[in-house]
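This is upload_22.cif (mmCIF, C-alpha atoms and all ligand atoms).
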```cif
data_run
loop_
_atom_site.label_atom_id
_atom_site.label_comp_id
_atom_site.auth_asym_id
_atom_site.auth_seq_id
_atom_site.Cartn_x
_atom_site.Cartn_y
_atom_site.Cartn_z
CA MET I 1 12.18 23.19 -17.39
CA ARG I 2 15.24 23.63 -15.21
CA ASN I 3 18.62 22.39 -16.47
CA GLN I 4 19.07 20.29 -13.32
CA LEU I 5 16.14 18.12 -14.44
CA LYS I 6 17.95 17.23 -17.66
CA GLU I 7 20.96 16.46 -15.52
CA LEU I 8 18.73 14.21 -13.36
CA VAL I 9 17.87 12.06 -16.37
CA ARG I 10 21.61 11.52 -16.98
CA LYS I 11 22.09 10.76 -13.28
CA ILE I 12 19.31 8.11 -13.31
CA LYS I 13 20.98 6.32 -16.24
CA GLU I 14 24.16 6.28 -14.17
CA ILE I 15 22.30 4.81 -11.16
CA TYR I 16 20.73 2.11 -13.36
CA PRO I 17 23.37 1.33 -16.01
CA GLY I 18 22.51 -0.97 -18.92
CA GLU I 19 18.72 -0.86 -18.58
CA THR I 20 17.12 0.90 -21.55
CA PRO I 21 14.69 2.35 -20.95
CA VAL I 22 15.27 2.49 -17.19
CA PRO I 23 12.03 0.98 -15.81
CA LEU I 24 10.07 2.69 -13.05
CA HIS I 25 10.10 -0.47 -10.95
CA ALA I 26 11.11 -3.88 -12.30
CA PRO I 27 10.82 -7.07 -10.25
CA ARG I 28 14.10 -8.89 -9.48
CA PHE I 29 14.41 -12.65 -9.03
CA LEU I 30 17.91 -13.06 -7.64
CA GLY I 31 17.44 -15.81 -5.06
CA ASN I 32 15.72 -19.19 -4.78
CA GLU I 33 12.64 -18.35 -6.87
CA LYS I 34 13.27 -21.00 -9.56
CA LYS I 35 14.35 -23.63 -7.03
CA TYR I 36 11.21 -23.17 -4.90
CA LEU I 37 8.97 -23.12 -7.98
CA THR I 38 10.40 -26.45 -9.10
CA GLU I 39 9.91 -27.89 -5.63
CA CYS I 40 6.34 -26.62 -5.65
CA ILE I 41 5.51 -28.18 -9.02
CA ASP I 42 7.22 -31.47 -8.07
CA SER I 43 5.11 -31.59 -4.90
CA THR I 44 1.91 -31.33 -7.05
CA PHE I 45 0.50 -28.92 -4.44
CA VAL I 46 0.03 -25.90 -6.64
CA SER I 47 -3.22 -24.43 -5.27
CA TYR I 48 -3.84 -22.70 -1.98
CA VAL I 49 -3.13 -25.81 0.09
CA GLY I 50 0.62 -26.20 0.34
CA GLU I 51 3.74 -25.76 2.36
CA PHE I 52 4.90 -22.53 0.72
CA VAL I 53 1.71 -20.71 1.67
CA SER I 54 2.24 -21.29 5.39
CA ARG I 55 5.98 -20.69 5.09
CA PHE I 56 5.36 -17.37 3.35
CA GLU I 57 2.75 -16.38 5.95
CA ASN I 58 5.21 -17.22 8.74
CA GLN I 59 7.96 -15.17 7.11
CA ILE I 60 5.73 -12.10 6.87
CA GLN I 61 4.34 -12.68 10.36
CA LYS I 62 7.83 -12.80 11.84
CA PHE I 63 9.09 -9.85 9.80
CA THR I 64 6.20 -7.53 10.70
CA GLY I 65 5.66 -8.75 14.26
CA ILE I 66 1.92 -8.82 13.60
CA LYS I 67 0.35 -11.96 15.08
CA HIS I 68 -1.57 -13.40 12.12
CA ALA I 69 -0.96 -13.39 8.37
CA VAL I 70 -3.45 -14.76 5.83
CA ALA I 71 -2.25 -14.93 2.21
CA MET I 72 -4.69 -13.77 -0.49
CA VAL I 73 -4.77 -13.60 -4.30
CA ASN I 74 -4.05 -9.87 -4.31
CA GLY I 75 -3.94 -6.76 -2.17
CA THR I 76 -7.42 -5.62 -3.14
CA ALA I 77 -8.86 -8.94 -1.93
CA ALA I 78 -6.89 -8.64 1.33
CA LEU I 79 -8.32 -5.16 1.82
CA GLN I 80 -11.86 -6.33 1.15
CA MET I 81 -11.41 -9.26 3.57
CA SER I 82 -9.92 -6.98 6.27
CA LEU I 83 -13.07 -4.87 6.29
CA LEU I 84 -15.47 -7.82 6.10
CA ALA I 85 -13.73 -9.82 8.83
CA ALA I 86 -13.60 -6.70 11.03
CA GLY I 87 -17.40 -6.41 10.76
CA ILE I 88 -18.26 -3.82 8.11
CA LYS I 89 -21.99 -3.74 7.21
CA PRO I 90 -23.44 -2.81 3.80
CA GLY I 91 -23.69 0.97 3.49
CA ASP I 92 -21.14 1.76 6.20
CA GLU I 93 -18.83 4.67 5.49
CA VAL I 94 -15.05 4.27 5.33
CA ILE I 95 -12.94 7.43 5.39
CA THR I 96 -9.85 7.21 3.23
CA GLN I 97 -7.53 9.62 1.41
CA ALA I 98 -8.13 11.14 -2.03
CA LEU I 99 -4.48 10.66 -2.97
CA THR I 100 -4.18 6.89 -3.28
CA PHE I 101 -4.17 4.04 -5.78
CA VAL I 102 -7.70 3.12 -6.89
CA ALA I 103 -7.51 -0.29 -5.14
CA THR I 104 -8.04 1.38 -1.74
CA ALA I 105 -11.43 2.75 -2.76
CA ASN I 106 -12.36 -0.33 -4.79
CA GLY I 107 -11.62 -2.64 -1.83
CA ILE I 108 -13.97 -0.58 0.34
CA VAL I 109 -16.77 -0.81 -2.24
CA HIS I 110 -16.21 -4.55 -2.80
CA ALA I 111 -16.68 -4.99 0.97
CA GLY I 112 -20.03 -3.17 0.79
CA GLY I 113 -18.71 0.14 2.12
CA ILE I 114 -19.00 3.72 0.86
CA PRO I 115 -15.65 5.50 0.56
CA THR I 116 -15.30 9.17 1.45
CA PHE I 117 -12.12 11.10 0.76
CA ILE I 118 -10.09 13.48 2.87
CA ASP I 119 -6.83 15.36 2.45
CA VAL I 120 -3.23 14.25 2.94
CA ASP I 121 -0.27 16.07 4.47
CA ARG I 122 2.16 17.65 2.02
CA ASP I 123 5.22 16.13 3.69
CA SER I 124 4.11 12.55 4.41
CA LEU I 125 1.75 12.24 1.39
CA GLY I 126 -0.48 10.24 3.78
CA MET I 127 -3.78 11.00 5.53
CA SER I 128 -3.70 14.27 7.46
CA PRO I 129 -4.76 14.05 11.14
CA THR I 130 -5.94 17.67 10.89
CA ALA I 131 -8.16 16.80 7.93
CA LEU I 132 -9.56 13.78 9.78
CA LYS I 133 -10.39 15.88 12.86
CA GLU I 134 -12.03 18.54 10.69
CA TYR I 135 -14.06 15.99 8.76
CA LEU I 136 -15.29 14.26 11.91
CA SER I 137 -16.21 17.49 13.67
CA LEU I 138 -18.16 18.52 10.57
CA PHE I 139 -19.89 15.22 9.77
CA GLY I 140 -19.44 12.90 12.77
CA GLU I 141 -22.05 12.27 15.44
CA ARG I 142 -21.13 10.11 18.39
CA ARG I 143 -23.79 7.68 19.54
CA ALA I 144 -23.72 4.81 22.04
CA ASP I 145 -23.28 2.28 19.20
CA GLY I 146 -20.61 4.12 17.23
CA THR I 147 -20.03 7.24 15.17
CA PHE I 148 -22.49 8.17 12.43
CA ASN I 149 -22.44 10.63 9.55
CA LYS I 150 -25.06 13.21 10.51
CA THR I 151 -25.75 14.26 6.92
CA ASN I 152 -26.90 10.81 5.78
CA GLY I 153 -27.18 8.59 8.88
CA ARG I 154 -24.49 6.13 7.72
CA ARG I 155 -22.33 4.47 10.33
CA ILE I 156 -18.69 5.56 9.98
CA PHE I 157 -17.14 2.13 10.33
CA ALA I 158 -13.45 2.71 9.66
CA VAL I 159 -10.67 5.10 8.79
CA MET I 160 -8.29 3.77 6.14
CA PRO I 161 -5.02 5.69 5.74
CA MET I 162 -2.45 4.62 3.16
CA HIS I 163 1.35 4.90 3.42
CA THR I 164 2.06 6.48 0.05
CA PHE I 165 5.12 5.06 -1.79
CA GLY I 166 6.18 3.49 1.54
CA LEU I 167 6.45 6.81 3.40
CA VAL I 168 4.90 6.43 6.85
CA CYS I 169 2.00 8.81 7.54
CA ARG I 170 1.15 10.30 10.97
CA ILE I 171 -0.33 7.00 12.04
CA GLN I 172 -0.09 7.45 15.82
CA GLU I 173 -2.12 10.67 15.70
CA LEU I 174 -4.65 9.04 13.38
CA SER I 175 -4.93 6.09 15.75
CA THR I 176 -5.63 8.41 18.69
CA ILE I 177 -8.39 10.21 16.76
CA CYS I 178 -9.97 6.85 15.80
CA LYS I 179 -10.00 5.81 19.47
CA GLU I 180 -11.58 9.13 20.53
CA TRP I 181 -14.35 8.64 17.97
CA ASN I 182 -14.70 4.89 18.46
CA ILE I 183 -14.00 4.15 14.79
CA GLU I 184 -11.95 1.19 13.54
CA LEU I 185 -8.50 1.88 12.10
CA ILE I 186 -7.76 -0.34 9.09
CA GLU I 187 -4.59 0.64 7.24
CA ASP I 188 -3.85 0.08 3.59
CA THR I 189 -0.22 -1.03 3.97
CA ALA I 190 -0.03 -2.36 0.40
CA GLU I 191 2.97 -0.12 -0.37
CA SER I 192 4.69 -0.21 3.01
CA LEU I 193 6.17 -3.65 3.66
CA GLY I 194 9.26 -2.83 5.74
CA SER I 195 8.14 0.73 6.62
CA ARG I 196 8.20 1.41 10.35
CA PHE I 197 7.54 4.08 12.98
CA ASN I 198 9.55 3.96 16.23
CA GLY I 199 10.59 0.50 15.15
CA ASN I 200 7.01 -0.80 14.80
CA HIS I 201 5.82 -2.11 11.46
CA THR I 202 3.09 -0.11 9.70
CA GLY I 203 -0.27 -1.75 10.33
CA THR I 204 0.58 -2.60 13.95
CA LEU I 205 -1.99 -0.09 15.32
CA SER I 206 -4.77 -1.33 13.03
CA ARG I 207 -7.54 -3.84 13.66
CA ALA I 208 -6.35 -5.38 10.38
CA CYS I 209 -4.29 -4.26 7.39
CA CYS I 210 -3.30 -5.53 3.98
CA LEU I 211 -0.18 -6.05 1.88
CA SER I 212 0.16 -6.37 -1.89
CA PHE I 213 2.69 -8.55 -3.74
CA ASN I 214 1.87 -7.31 -7.22
CA GLY I 215 4.70 -7.33 -9.77
CA ASN I 216 5.64 -3.71 -9.07
CA LYS I 217 5.73 -3.93 -5.25
CA PRO I 218 8.95 -4.31 -3.19
CA VAL I 219 8.25 -8.03 -2.66
CA THR I 220 6.32 -9.83 -5.39
CA THR I 221 4.60 -13.17 -5.89
CA GLY I 222 3.49 -12.24 -9.43
CA GLY I 223 0.13 -11.31 -7.99
CA GLY I 224 -0.71 -11.67 -4.34
CA GLY I 225 -1.69 -10.05 -1.10
CA MET I 226 -1.94 -10.66 2.61
CA LEU I 227 -4.19 -9.72 5.49
CA LEU I 228 -2.41 -9.00 8.77
CA THR I 229 -4.05 -8.72 12.17
CA ASN I 230 -3.31 -9.10 15.88
CA ASP I 231 -6.94 -10.16 16.43
CA ASP I 232 -7.45 -13.96 16.64
CA LYS I 233 -11.13 -13.79 15.64
CA ILE I 234 -10.53 -11.59 12.59
CA ALA I 235 -7.74 -13.87 11.37
CA GLU I 236 -9.96 -16.92 11.74
CA LYS I 237 -12.92 -15.24 10.06
CA ALA I 238 -10.79 -13.94 7.16
CA ARG I 239 -9.25 -17.36 6.57
CA HIS I 240 -12.69 -18.96 6.66
CA ILE I 241 -14.62 -16.64 4.33
CA SER I 242 -11.76 -16.39 1.83
CA THR I 243 -11.66 -20.21 1.61
CA THR I 244 -15.34 -20.69 0.54
CA ALA I 245 -16.40 -20.80 4.23
CA LYS I 246 -15.80 -24.55 4.22
CA ARG I 247 -15.94 -26.26 7.59
CA LYS I 248 -12.77 -28.25 8.28
CA HIS I 249 -13.38 -31.93 7.54
CA PRO I 250 -11.21 -34.59 5.86
CA TYR I 251 -13.76 -35.27 3.08
CA GLU I 252 -17.19 -33.68 3.66
CA PHE I 253 -18.24 -30.45 1.97
CA PHE I 254 -20.18 -28.13 4.22
CA HIS I 255 -20.06 -24.34 3.86
CA ASP I 256 -21.63 -22.44 6.75
CA GLU I 257 -21.94 -18.98 5.13
CA LEU I 258 -21.34 -17.12 1.88
CA GLY I 259 -17.66 -17.41 1.07
CA TRP I 260 -15.09 -16.26 -1.47
CA ASN I 261 -12.24 -18.04 -3.21
CA LEU I 262 -9.40 -15.61 -2.62
CA ARG I 263 -6.48 -17.55 -1.15
CA LEU I 264 -2.99 -17.30 -2.63
CA PRO I 265 -1.91 -20.36 -4.68
CA ASN I 266 1.15 -22.27 -3.46
CA VAL I 267 2.93 -21.51 -6.78
CA ASN I 268 2.81 -17.80 -6.06
CA ALA I 269 3.75 -18.30 -2.41
CA ALA I 270 6.89 -20.21 -3.53
CA ILE I 271 8.10 -17.04 -5.28
CA GLY I 272 7.19 -15.01 -2.20
CA CYS I 273 9.28 -17.24 0.09
CA ALA I 274 12.35 -16.71 -2.08
CA GLN I 275 11.73 -12.96 -2.11
CA MET I 276 11.30 -12.80 1.67
CA ASP I 277 14.57 -14.74 2.16
CA ARG I 278 16.21 -11.55 0.81
CA ILE I 279 13.99 -8.88 2.38
CA GLU I 280 16.76 -7.16 4.37
CA GLU I 281 18.94 -6.98 1.25
CA ILE I 282 16.03 -5.56 -0.78
CA LEU I 283 15.34 -2.88 1.82
CA SER I 284 18.94 -1.78 2.28
CA ASN I 285 19.45 -1.68 -1.49
CA LYS I 286 16.37 0.56 -1.85
CA ARG I 287 17.49 2.80 1.01
CA GLU I 288 20.87 3.25 -0.62
CA THR I 289 19.20 4.34 -3.87
CA ALA I 290 17.00 6.80 -1.95
CA GLU I 291 20.10 8.22 -0.24
CA THR I 292 21.77 8.66 -3.63
CA TYR I 293 18.73 10.53 -4.97
CA LYS I 294 18.43 12.60 -1.80
CA TYR I 295 22.07 13.65 -1.80
CA TRP I 296 21.95 14.52 -5.49
CA ALA I 297 18.67 16.44 -5.11
CA GLN I 298 19.97 18.49 -2.19
CA SER I 299 23.00 19.67 -4.12
CA ASN I 300 20.86 20.46 -7.17
CA ASP I 301 18.01 22.30 -5.48
CA ILE I 302 15.43 19.62 -6.28
CA ASP I 303 12.71 18.78 -3.74
CA PHE I 304 13.11 15.05 -2.94
CA ILE I 305 10.45 13.60 -0.62
CA THR I 306 11.94 12.00 2.50
CA GLU I 307 10.59 10.04 5.46
CA LEU I 308 9.32 11.96 8.52
CA SER I 309 11.62 11.84 11.54
CA GLY I 310 10.95 8.82 13.76
CA THR I 311 9.80 6.83 10.75
CA GLN I 312 11.54 4.51 8.32
CA SER I 313 10.29 4.33 4.73
CA ASN I 314 10.88 1.28 2.55
CA TYR I 315 11.38 3.80 -0.31
CA TRP I 316 9.30 1.63 -2.59
CA LEU I 317 8.94 4.48 -5.09
CA ASN I 318 11.13 7.57 -4.89
CA ALA I 319 9.42 10.87 -5.59
CA ILE I 320 10.32 14.49 -6.27
CA LEU I 321 8.21 17.64 -6.41
CA MET I 322 8.20 19.89 -9.46
CA SER I 323 7.66 23.64 -9.12
CA ASP I 324 4.34 23.46 -11.01
CA LYS I 325 2.25 21.38 -13.41
CA VAL I 326 3.92 22.85 -16.51
CA GLU I 327 7.36 21.81 -15.32
CA ARG I 328 6.01 18.41 -14.30
CA ASP I 329 4.56 17.78 -17.76
CA ASP I 330 7.78 18.95 -19.44
CA PHE I 331 9.87 16.65 -17.26
CA LEU I 332 7.58 13.64 -17.76
CA LEU I 333 7.83 14.09 -21.53
CA PHE I 334 11.58 14.76 -21.55
CA SER I 335 12.51 11.81 -19.28
CA ASN I 336 10.24 9.29 -21.01
CA GLU I 337 11.52 10.37 -24.43
CA ASN I 338 15.09 10.02 -23.20
CA GLY I 339 15.04 6.47 -21.90
CA VAL I 340 13.92 6.97 -18.29
CA GLN I 341 10.47 5.90 -17.12
CA THR I 342 8.93 8.44 -14.77
CA ARG I 343 5.27 8.96 -13.96
CA PRO I 344 2.87 11.35 -12.26
CA VAL I 345 0.92 10.41 -9.14
CA TRP I 346 -2.56 8.83 -9.48
CA THR I 347 -5.55 10.97 -10.44
CA LEU I 348 -7.35 11.88 -7.18
CA MET I 349 -10.14 9.42 -6.33
CA ASN I 350 -12.89 12.07 -6.32
CA LYS I 351 -12.08 12.84 -9.98
CA LEU I 352 -12.67 9.27 -11.21
CA PRO I 353 -16.10 8.63 -12.78
CA MET I 354 -17.22 6.04 -10.19
CA TYR I 355 -16.24 8.21 -7.21
CA LYS I 356 -17.04 11.69 -8.51
CA ASN I 357 -20.18 12.00 -6.37
CA SER I 358 -18.48 10.84 -3.17
CA LEU I 359 -18.43 12.96 -0.07
CA HIS I 360 -15.08 14.61 0.52
CA GLY I 361 -13.39 17.20 2.68
CA SER I 362 -11.16 20.03 1.48
CA LEU I 363 -8.47 18.51 -0.75
CA ALA I 364 -6.11 21.48 -1.09
CA ASN I 365 -2.91 19.53 -0.35
CA SER I 366 -3.93 16.57 -2.51
CA GLU I 367 -4.60 18.89 -5.44
CA TRP I 368 -1.32 20.72 -4.91
CA LEU I 369 0.60 17.42 -4.81
CA GLU I 370 -1.29 15.91 -7.74
CA GLU I 371 0.18 18.61 -10.01
CA ARG I 372 3.75 18.27 -8.75
CA ILE I 373 4.69 14.69 -7.80
CA VAL I 374 6.90 12.71 -10.15
CA ASN I 375 8.03 9.17 -9.35
CA LEU I 376 11.59 8.19 -10.27
CA PRO I 377 12.94 4.73 -11.17
CA SER I 378 13.26 2.75 -7.94
CA SER I 379 13.97 -0.93 -8.71
CA VAL I 380 16.48 -2.83 -6.63
CA ARG I 381 19.87 -2.03 -8.18
CA LEU I 382 21.79 -4.94 -9.69
CA LYS I 383 25.37 -5.19 -8.46
C1 LIG X 401 -0.90 -2.12 -4.88
C2 LIG X 401 -1.90 -1.50 -4.02
C3 LIG X 401 -3.04 -2.18 -3.54
C4 LIG X 401 -3.38 -3.60 -3.88
O1 LIG X 401 -3.21 -3.90 -5.18
P1 LIG X 401 -3.31 -5.34 -5.85
O2 LIG X 401 -2.89 -5.03 -7.24
O3 LIG X 401 -4.73 -5.77 -5.73
O4 LIG X 401 -2.38 -6.29 -5.15
C5 LIG X 401 -3.89 -1.52 -2.68
N1 LIG X 401 -3.66 -0.27 -2.31
C6 LIG X 401 -2.58 0.42 -2.74
C7 LIG X 401 -2.39 1.81 -2.26
C8 LIG X 401 -1.69 -0.16 -3.63
O5 LIG X 401 -0.64 0.55 -4.06
#
```

Could you take the file, read its structure, and then write that structure out as structure tokens?
Amino acid sequence: MRNQLKELVRKIKEIYPGETPVPLHAPRFLGNEKKYLTECIDSTFVSYVGEFVSRFENQIQKFTGIKHAVAMVNGTAALQMSLLAAGIKPGDEVITQALTFVATANGIVHAGGIPTFIDVDRDSLGMSPTALKEYLSLFGERRADGTFNKTNGRRIFAVMPMHTFGLVCRIQELSTICKEWNIELIEDTAESLGSRFNGNHTGTLSRACCLSFNGNKPVTTGGGGMLLTNDDKIAEKARHISTTAKRKHPYEFFHDELGWNLRLPNVNAAIGCAQMDRIEEILSNKRETAETYKYWAQSNDIDFITELSGTQSNYWLNAILMSDKVERDDFLLFSNENGVQTRPVWTLMNKLPMYKNSLHGSLANSEWLEERIVNLPSSVRLK
């Protein structure tokens, strides 16, 4: 292991003084969280009906510029609802990336879909447009009613890229390919609240997308998620089926289809409102930390992963690349034993027991990255 990596552990303790061990990503409650929680409890509206839910939805709607926001119990549920409301049918294929958190693939399966996995780009860590083109030219067959997988006859319903650690992938190219093939684009934006390309929020090009407000995400509600869409019908459908498909009526109970109970409770939304009050502060604090890492890495010959030009990452989780797996393992052990939490990237989806028989393209970049990525502590710094 290089000496600079030992130096990095000292540097991280300097960036996050007084936290032992330095956590990978700790939530911070520095605003009105307690005040809003008290208001929420005093109001007695603690479930999904309540003022904080709509306030939180409005805050996210305004911040992202996406027309509709529907709060859900978690990001996985929001992902599942995005696909269902957009019209996925049982057995439809959804193309996603092998390098992602398991929730992406699970959400697809929970919506009745079959996930297939393609490669990512080495620089963006997100879905590779080249890999998507290759996959579609190999397996895709255009018909009047959509694109089908010619090896098994499944409809290819959607492409689901993910913006890894908040870094924006080549989403405009992916969107163009989806249009050419007449396939829905549904982004997993769970990690990319505040990440933009040419000023547009990630998810803007999608039929629908999802956010996560889990405890480790840049904005948290404890647990929570949100579906975002510019499509009026999808928003209405998602709201309906995630609220037991109950027809609006002051007192009668009539449910017109199979529904779910997946809406975010008002208690959680109260925390979210307080977090969103400070979103600009959170993002600039995280950017400053990323700049500190980047500057240090450059002068120490360490490969720090930065946003592509024309894009703006929220730098949810900072990441560096090791020279090989041996060095990665040495550094993970050394840093964790010396009071700094670091971690490797997720195991590729096609290597997990439930997805090991899935169809996938060449995963050369994903495999290369899987051996080398290390995430560094990235919480908002306390000042
Ligand atoms: C966090 C996350 C989700 C959603 O997770 P929940 O824990 O269900 O909120 C989905 N996809 C990715 C890539 C994530 O990182």

Surroundings of ligand LIG 401 (chain X) up to 8 Å, based on all atoms listed in the file, as a ChimeraX atom specification: /I:73-79,100-104,107,162-165,188-191,210-214,216-217,223-225

12 Å contact set for segment 259-264 of chain I, all atoms listed in the file, chain neighbours under 6 positions out, as a ChimeraX atom specification: /I:46-54,56-57,69-81,84-85,110-111,212-213,221-227,237-247,270-272

Nearby residues (all atoms listed in the file) at most 8 Å from segment 336-343 of chain I, same-chain spacing under 4 positions excluded, as a PyMOL selection string: chain I and resi 9+12-13+20-24+332+374-377

Residues near Lys383 of chain I, cut-off 12 Å, all atoms listed in the file, skip fewer than 5 positions along chain, as a list of chain:residue names: I:Ile15, I:Tyr16, I:Pro17, I:Gly18, I:Arg28, I:Leu30, I:Glu281, I:Asn285

Atom-to-atom span, atom CA of Lys89 of chain I and atom CA of Gly112 of chain I, Å: 6.7 Å

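Interatomic distance, atom CA of Tyr251 of chain I to atom CA of Ser82 of chain I: 28.7 Å.
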
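The interatomic distance for the pair atom CA of Ala235 of chain I and atom CA of Ala208 of chain I works out to 8.7 Å.
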
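Among the candidates I:Gly215, I:Ser313, I:Gln97, I:Lys133, the one nearest to Asp119 of chain I when counting all atoms listed in the file is I:Gln97.
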
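Near (22.0, 15.6, -4.7), the residues inside the 12 Å limit, counting only C-alpha atoms, come to Gln4, Leu5, Glu7, Leu8, Lys11, Ile12, Thr289, Ala290, Glu291, Thr292, Tyr293, Lys294, Tyr295, Trp296, Ala297, Gln298, Ser299, Asn300, Asp301, Ile302, Asp303, Phe304 and Ile320 of chain I.
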
Best match for closeness to Arg155 of chain I among I:Ile282, I:Ile114, I:Leu352, I:Ala131, counting all atoms listed in the file: I:Ile114

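The nearest approach to Ile186 of chain I among the residues I:Arg207, I:His201, I:Lys150, I:Lys233, with all atoms listed in the file taken into account, belongs to I:Arg207.
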
Centre, x/y/z edge lengths, axis-aligned box for segment 87-91 of chain I with 4 Å per side, as AutoDock Vina command-line options:
```
--center_x -20.5 --center_y -2.7 --center_z 7.1 --size_x 14.3 --size_y 15.4 --size_z 15.3
```

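Using all atoms listed in the file, the nearest neighbour of Lys179 of chain I within the list I:Leu205, I:Asn58, I:Leu125, I:Glu307 is I:Leu205.
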
Residue contacts of Leu369 of chain I (9 Å, only C-alpha atoms) excluding same-chain residues fewer than 6 positions away, as a list of chain:residue names: I:Leu99, I:Arg122, I:Leu125, I:Leu321, I:Val345

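Between Leu193 of chain I and the residues I:Met276, I:Val120, I:Ile41, I:Ile171, the shortest atom-to-atom distance, using all atoms listed in the file, involves I:Met276.
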
Nearest to Met322 of chain I, chosen from I:Arg372, I:Arg287, I:Arg143, I:Arg278, with only C-alpha atoms counted in the distances: I:Arg372

Exercise: residues within 7 Å of coordinate (-23.9, 16.8, 10.4), counting all atoms listed in the file, as a ChimeraX atom specification: /I:138-140,149-151

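With all atoms listed in the file taken into account, the protein and nucleic acid residues at most 9 Å from Tyr355 of chain I (excluding it and anything under 4 positions from it in its own chain) are Ala105, Pro115, Thr116, Met349, Asn350, Lys351 and Leu359 of chain I.
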